[in-house]
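**Q** coords31.csv is reproduced in full below (CSV, C-alpha atoms).
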```csv
chain,number,residue,atom,x,y,z
A,1,SER,CA,107.3,44.1,98.4
A,2,ILE,CA,107.8,47.8,98.0
A,3,GLN,CA,107.4,49.8,101.1
A,4,LYS,CA,106.8,53.5,101.3
A,5,LYS,CA,108.7,55.6,103.8
A,6,ALA,CA,106.4,57.0,106.5
A,7,ILE,CA,106.6,60.8,107.0
A,8,VAL,CA,105.2,63.0,109.7
A,9,TYR,CA,102.1,64.5,108.2
A,10,ASP,CA,98.7,64.6,109.9
A,11,LYS,CA,96.0,65.5,107.3
A,12,LYS,CA,93.8,67.3,109.8
A,13,GLY,CA,96.4,68.7,112.2
A,14,ASN,CA,99.3,71.0,112.5
A,15,GLN,CA,101.5,69.3,109.8
A,16,HIS,CA,98.7,69.7,107.3
A,17,TYR,CA,98.2,73.4,108.0
A,18,ASP,CA,101.9,74.3,108.5
A,19,THR,CA,102.8,72.5,105.2
A,20,ILE,CA,100.1,74.2,103.1
A,21,SER,CA,101.1,77.6,104.7
A,22,ALA,CA,104.8,77.1,103.8
A,23,PHE,CA,103.8,75.9,100.3
A,24,ILE,CA,101.7,79.0,99.6
A,25,LYS,CA,104.3,81.4,101.2
A,26,SER,CA,107.1,79.7,99.1
A,27,MET,CA,105.2,80.4,95.9
A,28,ARG,CA,104.3,83.9,97.0
A,29,GLY,CA,108.0,84.5,98.0
A,30,SER,CA,109.2,83.3,94.6
A,31,ASP,CA,111.1,80.2,95.8
A,32,PRO,CA,110.2,77.4,93.3
A,33,ASP,CA,112.5,74.9,95.0
A,34,ALA,CA,110.8,75.2,98.4
A,35,ALA,CA,107.4,75.3,96.8
A,36,ILE,CA,108.1,72.0,94.9
A,37,TYR,CA,109.5,70.4,98.0
A,38,TYR,CA,106.2,71.2,99.9
A,39,LEU,CA,104.2,70.0,96.9
A,40,ALA,CA,106.1,66.7,96.9
A,41,LYS,CA,105.7,66.3,100.7
A,42,MET,CA,101.9,66.8,100.5
A,43,LEU,CA,101.6,64.4,97.5
A,44,TYR,CA,103.8,61.8,99.1
A,45,ALA,CA,101.6,62.0,102.3
A,46,GLY,CA,98.5,61.4,100.3
A,47,GLU,CA,97.0,64.9,100.5
A,48,ASP,CA,94.0,65.4,98.2
A,49,PRO,CA,95.5,66.8,95.0
A,50,ARG,CA,92.3,68.9,94.5
A,51,PHE,CA,93.0,70.6,97.9
A,52,ILE,CA,96.5,71.4,96.6
A,53,ALA,CA,95.2,72.6,93.3
A,54,ARG,CA,92.7,74.9,95.0
A,55,ARG,CA,95.5,76.6,96.9
A,56,ILE,CA,97.5,76.9,93.7
A,57,VAL,CA,94.5,78.6,92.0
A,58,ILE,CA,94.1,81.0,94.9
A,59,CYS,CA,97.8,81.9,94.9
A,60,ALA,CA,97.7,82.5,91.2
A,61,ALA,CA,94.7,84.9,91.5
A,62,GLU,CA,95.6,86.5,94.8
A,63,ASP,CA,99.4,86.8,94.6
A,64,VAL,CA,100.3,87.0,90.9
A,65,GLY,CA,97.0,88.4,89.6
A,66,LEU,CA,97.2,90.8,86.7
A,67,LYS,CA,101.0,90.9,86.7
A,68,ASP,CA,100.7,87.6,84.8
A,69,PRO,CA,97.2,86.4,84.0
A,70,MET,CA,98.6,83.2,82.5
A,71,ALA,CA,99.4,82.0,86.0
A,72,LEU,CA,95.6,81.6,86.7
A,73,VAL,CA,95.1,79.8,83.4
A,74,LEU,CA,97.9,77.4,84.2
A,75,ALA,CA,96.6,76.8,87.7
A,76,ILE,CA,93.1,76.0,86.4
A,77,SER,CA,94.7,73.7,83.8
A,78,ALA,CA,96.5,71.8,86.6
A,79,LEU,CA,93.2,71.4,88.4
A,80,LYS,CA,91.6,70.1,85.2
A,81,ALA,CA,94.5,67.7,84.7
A,82,ILE,CA,93.8,66.1,88.1
A,83,GLU,CA,90.2,65.5,86.9
A,84,PHE,CA,91.2,64.3,83.5
A,85,VAL,CA,94.4,62.2,83.9
A,86,GLY,CA,94.4,61.6,87.7
A,87,MET,CA,97.3,60.8,89.9
A,88,PRO,CA,100.2,60.1,89.7
A,89,GLU,CA,100.5,61.8,86.3
A,90,ALA,CA,98.8,65.0,87.5
A,91,ARG,CA,101.7,65.7,89.7
A,92,ILE,CA,103.5,67.0,86.6
A,93,PRO,CA,101.0,69.7,85.7
A,94,LEU,CA,100.8,70.6,89.4
A,95,ALA,CA,104.5,71.0,89.5
A,96,GLU,CA,104.5,73.1,86.3
A,97,ALA,CA,101.8,75.4,87.8
A,98,VAL,CA,103.8,75.7,91.1
A,99,ILE,CA,107.1,76.6,89.4
A,100,TYR,CA,105.4,79.0,87.0
A,101,ILE,CA,103.6,80.8,89.9
A,102,ALA,CA,106.7,80.9,92.0
A,103,ASN,CA,108.7,82.5,89.1
A,104,ALA,CA,105.9,84.9,88.0
A,105,PRO,CA,105.9,88.6,88.9
A,106,LYS,CA,103.7,89.3,91.9
A,107,GLY,CA,100.9,91.7,92.2
A,108,ASN,CA,97.7,91.8,94.2
A,109,SER,CA,95.9,94.8,92.6
A,110,ALA,CA,92.7,92.8,91.8
A,111,TYR,CA,92.6,91.3,95.3
A,112,MET,CA,93.0,94.8,96.9
A,113,ALA,CA,90.4,96.3,94.6
A,114,ILE,CA,87.7,93.8,95.3
A,115,GLU,CA,88.5,93.9,99.1
A,116,GLU,CA,88.1,97.6,99.2
A,117,ALA,CA,84.9,97.6,97.1
A,118,MET,CA,83.4,94.8,99.3
A,119,LYS,CA,84.2,96.9,102.4
A,120,ASP,CA,82.5,99.9,100.9
A,121,ILE,CA,79.4,97.9,100.0
A,122,ALA,CA,79.3,96.5,103.6
A,123,GLU,CA,79.9,99.8,105.3
A,124,GLU,CA,78.5,102.6,103.1
A,125,GLU,CA,75.1,103.4,101.6
A,126,THR,CA,74.8,101.5,98.3
A,127,MET,CA,74.9,103.8,95.3
A,128,GLU,CA,72.1,103.8,92.8
A,129,VAL,CA,72.9,102.9,89.2
A,130,PRO,CA,73.0,106.1,87.0
A,131,ASP,CA,69.9,106.3,84.8
A,132,HIS,CA,71.9,106.2,81.5
A,133,LEU,CA,73.6,102.9,82.6
A,134,LYS,CA,70.3,101.2,83.5
A,135,GLY,CA,68.9,98.5,81.2
A,136,SER,CA,66.5,99.7,78.6
A,137,ASN,CA,65.4,96.5,77.1
A,138,TYR,CA,62.6,95.4,79.5
A,139,PRO,CA,59.0,96.6,79.5
A,140,GLY,CA,58.5,100.0,81.0
A,141,ALA,CA,62.3,100.9,81.0
A,142,LYS,CA,62.0,103.5,78.2
A,143,LYS,CA,59.1,105.2,80.0
A,144,LEU,CA,61.5,105.6,83.0
A,145,ALA,CA,64.2,107.0,80.7
A,146,HIS,CA,66.5,104.1,81.5
A,147,GLY,CA,69.4,104.0,79.2
A,148,THR,CA,68.8,107.5,77.8
A,149,GLY,CA,72.0,109.4,77.2
A,150,TYR,CA,74.3,106.3,77.3
A,151,LYS,CA,77.4,106.7,75.2
A,152,TYR,CA,78.4,103.4,73.5
A,153,PRO,CA,82.3,103.3,74.0
A,154,HIS,CA,82.8,101.5,70.6
A,155,ASP,CA,81.5,104.6,68.8
A,156,TYR,CA,84.4,106.6,70.1
A,157,PRO,CA,88.1,106.6,69.3
A,158,GLU,CA,90.0,103.9,71.2
A,159,GLY,CA,86.8,102.6,72.6
A,160,LYS,CA,86.8,105.0,75.6
A,161,ILE,CA,84.4,107.7,76.6
A,162,GLU,CA,84.1,109.7,79.8
A,163,GLN,CA,80.7,109.4,81.4
A,164,GLU,CA,79.4,108.8,84.9
A,165,TYR,CA,79.7,105.1,85.8
A,166,LEU,CA,79.3,105.6,89.6
A,167,LYS,CA,77.3,108.3,91.4
A,168,LYS,CA,80.3,108.9,93.6
A,169,LYS,CA,83.8,108.7,92.2
A,170,LYS,CA,85.8,105.8,93.6
A,171,LYS,CA,89.3,104.5,92.9
A,172,TYR,CA,89.5,100.7,93.6
A,173,TYR,CA,91.9,99.5,91.0
A,174,LYS,CA,95.5,100.7,91.6
A,175,PRO,CA,97.9,99.1,89.1
```
How would this structure read if it were set down as structure tokens?
**A**
Amino acid sequence: SIQKKAIVYDKKGNQHYDTISAFIKSMRGSDPDAAIYYLAKMLYAGEDPRFIARRIVICAAEDVGLKDPMALVLAISALKAIEFVGMPEARIPLAEAVIYIANAPKGNSAYMAIEEAMKDIAEEETMEVPDHLKGSNYPGAKKLAHGTGYKYPHDYPEGKIEQEYLKKKKKYYKP
């Protein structure tokens, strides 16, 4: 009979949380070998591959972000592979996503932008939508002058037009 080596890994305790933390920090820190090691440790211990994939998706979005948007696509594909082919074969797309993310350039501009905007929404008075941006296709909207004066960007060179999009100028996205 084939016996599997027992390893120290408690699925609801410190080993679980310490390992997933090291896994994420290894991807974020651009160390594909360490990240693969922690992936293998979790898979060997019987960790739910969907839990692992969820963390890979989060890392792709939060730590790689717009520096390489394909990282998120690959992470979602690895999650889908778990659902489609199952284990043990899904370990390969998981490994591909982990290695890709670990080697990808890192950037958190989208994460920082949404965090700052969410903070403003929670702490400041919510801004009203400018009239020219309001919907004009529902009953009574035209009577309220909703949509009047809106400049359709595709009617302008390069698809860009300066107009008021927020009542108060804000800078959330910082590439």
**Q** Mind giving me the straight-line distance from CA of Lys167 (chain A) to CA of Gly147 (chain A) in Å, one decimal?
**A**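 For CA of Lys167 (chain A) relative to CA of Gly147 (chain A), the distance reads 15.2 Å.
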**Q** Quote the spacing between CA of Ala104 (chain A) and CA of Ala71 (chain A) in Å to one decimal place.
**A** 7.4 Å
**Q** Report, in Å with one decimal, the straight-line distance from CA of Val73 (chain A) to CA of Ala61 (chain A).
**A**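 CA of Val73 (chain A) sits 9.6 Å away from CA of Ala61 (chain A).
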**Q** Which residues, written as a PDB file with C-alpha atoms, keeping the file's coordinate frame, have at least one atom at most 10 Å from Lys67 (chain A), with only C-alpha atoms counted and residues fewer than 5 positions away on the same chain left out?
**A**
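Output (result-v7.pdb):
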```pdb
ATOM      1  CA  ALA A  61      94.700  84.900  91.500  1.00  0.00           C
ATOM      2  CA  ALA A 104     105.900  84.900  88.000  1.00  0.00           C
ATOM      3  CA  PRO A 105     105.900  88.600  88.900  1.00  0.00           C
ATOM      4  CA  LYS A 106     103.700  89.300  91.900  1.00  0.00           C
ATOM      5  CA  GLY A 107     100.900  91.700  92.200  1.00  0.00           C
ATOM      6  CA  ASN A 108      97.700  91.800  94.200  1.00  0.00           C
ATOM      7  CA  SER A 109      95.900  94.800  92.600  1.00  0.00           C
ATOM      8  CA  ALA A 110      92.700  92.800  91.800  1.00  0.00           C
ATOM      9  CA  PRO A 175      97.900  99.100  89.100  1.00  0.00           C
TER      10      PRO A 175
END
```
**Q** List the neighbours of His146 (chain A) out to 7 Å using all atoms listed in the file; skip same-chain residues closer than 4 positions along the sequence, and give me the result as number ranges by chain.
**A** A: 131-132, 134-136, 141-142
**Q** Neighbouring residues of Glu83 (chain A) were defined as those with any atom within 12 Å, considering only C-alpha atoms; residues of the same chain fewer than 4 positions away were excluded. Please report them as a PyMOL selection string.
**A** chain A and resi 48-50+53+76-79+87-91+93
**Q** Determine the nearest neighbour of Ala35 (chain A) from the options A:Ile82, A:Ile7, A:Val98, A:Val64, counting all atoms listed in the file.
**A**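 Looking at the shortest contact to Ala35 (chain A), the residue is A:Val98.
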**Q** For region 30-148 of chain A against region 21-26 of chain A, with a cut-off of 12 Å and counting all atoms listed in the file, what is the closest atom pair and its distance in Å to one decimal for every residue that makes the cut, ordered by chain and number, as JSON lines?
**A**
```
{"residue": "A:Ser30", "atom": "CA", "partner": "A:Ser26", "partner_atom": "CA", "distance": 6.1}
{"residue": "A:Asp31", "atom": "CA", "partner": "A:Ser26", "partner_atom": "CA", "distance": 5.2}
{"residue": "A:Pro32", "atom": "CA", "partner": "A:Ser26", "partner_atom": "CA", "distance": 7.0}
{"residue": "A:Asp33", "atom": "CA", "partner": "A:Ser26", "partner_atom": "CA", "distance": 8.3}
{"residue": "A:Ala34", "atom": "CA", "partner": "A:Ser26", "partner_atom": "CA", "distance": 5.9}
{"residue": "A:Ala35", "atom": "CA", "partner": "A:Ser26", "partner_atom": "CA", "distance": 5.0}
{"residue": "A:Ile36", "atom": "CA", "partner": "A:Phe23", "partner_atom": "CA", "distance": 7.9}
{"residue": "A:Tyr37", "atom": "CA", "partner": "A:Phe23", "partner_atom": "CA", "distance": 8.2}
{"residue": "A:Tyr38", "atom": "CA", "partner": "A:Phe23", "partner_atom": "CA", "distance": 5.3}
{"residue": "A:Leu39", "atom": "CA", "partner": "A:Phe23", "partner_atom": "CA", "distance": 6.8}
{"residue": "A:Ala40", "atom": "CA", "partner": "A:Phe23", "partner_atom": "CA", "distance": 10.1}
{"residue": "A:Lys41", "atom": "CA", "partner": "A:Phe23", "partner_atom": "CA", "distance": 9.8}
{"residue": "A:Met42", "atom": "CA", "partner": "A:Phe23", "partner_atom": "CA", "distance": 9.3}
{"residue": "A:Ile52", "atom": "CA", "partner": "A:Phe23", "partner_atom": "CA", "distance": 9.3}
{"residue": "A:Ala53", "atom": "CA", "partner": "A:Ile24", "partner_atom": "CA", "distance": 11.1}
{"residue": "A:Arg54", "atom": "CA", "partner": "A:Ile24", "partner_atom": "CA", "distance": 10.9}
{"residue": "A:Arg55", "atom": "CA", "partner": "A:Ile24", "partner_atom": "CA", "distance": 7.2}
{"residue": "A:Ile56", "atom": "CA", "partner": "A:Ile24", "partner_atom": "CA", "distance": 7.5}
{"residue": "A:Val57", "atom": "CA", "partner": "A:Ile24", "partner_atom": "CA", "distance": 10.5}
{"residue": "A:Ile58", "atom": "CA", "partner": "A:Ile24", "partner_atom": "CA", "distance": 9.2}
{"residue": "A:Cys59", "atom": "CA", "partner": "A:Ile24", "partner_atom": "CA", "distance": 6.8}
{"residue": "A:Ala60", "atom": "CA", "partner": "A:Ile24", "partner_atom": "CA", "distance": 9.9}
{"residue": "A:Glu62", "atom": "CA", "partner": "A:Ile24", "partner_atom": "CA", "distance": 10.8}
{"residue": "A:Asp63", "atom": "CA", "partner": "A:Ile24", "partner_atom": "CA", "distance": 9.5}
{"residue": "A:Val64", "atom": "CA", "partner": "A:Ile24", "partner_atom": "CA", "distance": 11.9}
{"residue": "A:Ala95", "atom": "CA", "partner": "A:Phe23", "partner_atom": "CA", "distance": 11.9}
{"residue": "A:Val98", "atom": "CA", "partner": "A:Phe23", "partner_atom": "CA", "distance": 9.2}
{"residue": "A:Ile99", "atom": "CA", "partner": "A:Ser26", "partner_atom": "CA", "distance": 10.2}
{"residue": "A:Ile101", "atom": "CA", "partner": "A:Ser26", "partner_atom": "CA", "distance": 9.9}
{"residue": "A:Ala102", "atom": "CA", "partner": "A:Ser26", "partner_atom": "CA", "distance": 7.2}
{"residue": "A:Asn103", "atom": "CA", "partner": "A:Ser26", "partner_atom": "CA", "distance": 10.5}
```
**Q** Quick one: residues within 6 Å of Ala97 (chain A), only C-alpha atoms, excluding same-chain residues fewer than 3 positions away - as a ChimeraX atom specification?
**A** /A:74-75,94,100
**Q** Please tell me which residues are no farther than 6 Å from (76.1, 108.9, 86.1) in the file, counting all atoms listed in the file, and write them as a VMD selection string.
**A** chain A and resid 130 164 to 167
**Q** Could you save those same residues with C-alpha atoms as a PDB file, keeping the file's coordinate frame?
**A**
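Final output, saved to out.pdb:
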```pdb
ATOM      1  CA  PRO A 130      73.000 106.100  87.000  1.00  0.00           C
ATOM      2  CA  GLU A 164      79.400 108.800  84.900  1.00  0.00           C
ATOM      3  CA  TYR A 165      79.700 105.100  85.800  1.00  0.00           C
ATOM      4  CA  LEU A 166      79.300 105.600  89.600  1.00  0.00           C
ATOM      5  CA  LYS A 167      77.300 108.300  91.400  1.00  0.00           C
TER       6      LYS A 167
END
```
**Q** Once you count only C-alpha atoms, which residues end up no further than 12 Å from (75.3, 114.1, 76.2) in the file's frame, shown as number ranges by chain?
**A** A: 132, 148-152, 161-164
**Q** Closest to Glu124 (chain A) among A:Lys168, A:Pro69, A:Ile20, A:Asp10, using all atoms listed in the file?
**A**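 Under the stated criterion, the closest residue is A:Lys168.
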**Q** Can you work out which one of A:Leu144, A:Leu66, A:Val129, A:Val85 has the shortest atom-to-atom distance to Tyr173 (chain A), counting all atoms listed in the file?
**A**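 Smallest separation from Tyr173 (chain A) among the options: A:Leu66.
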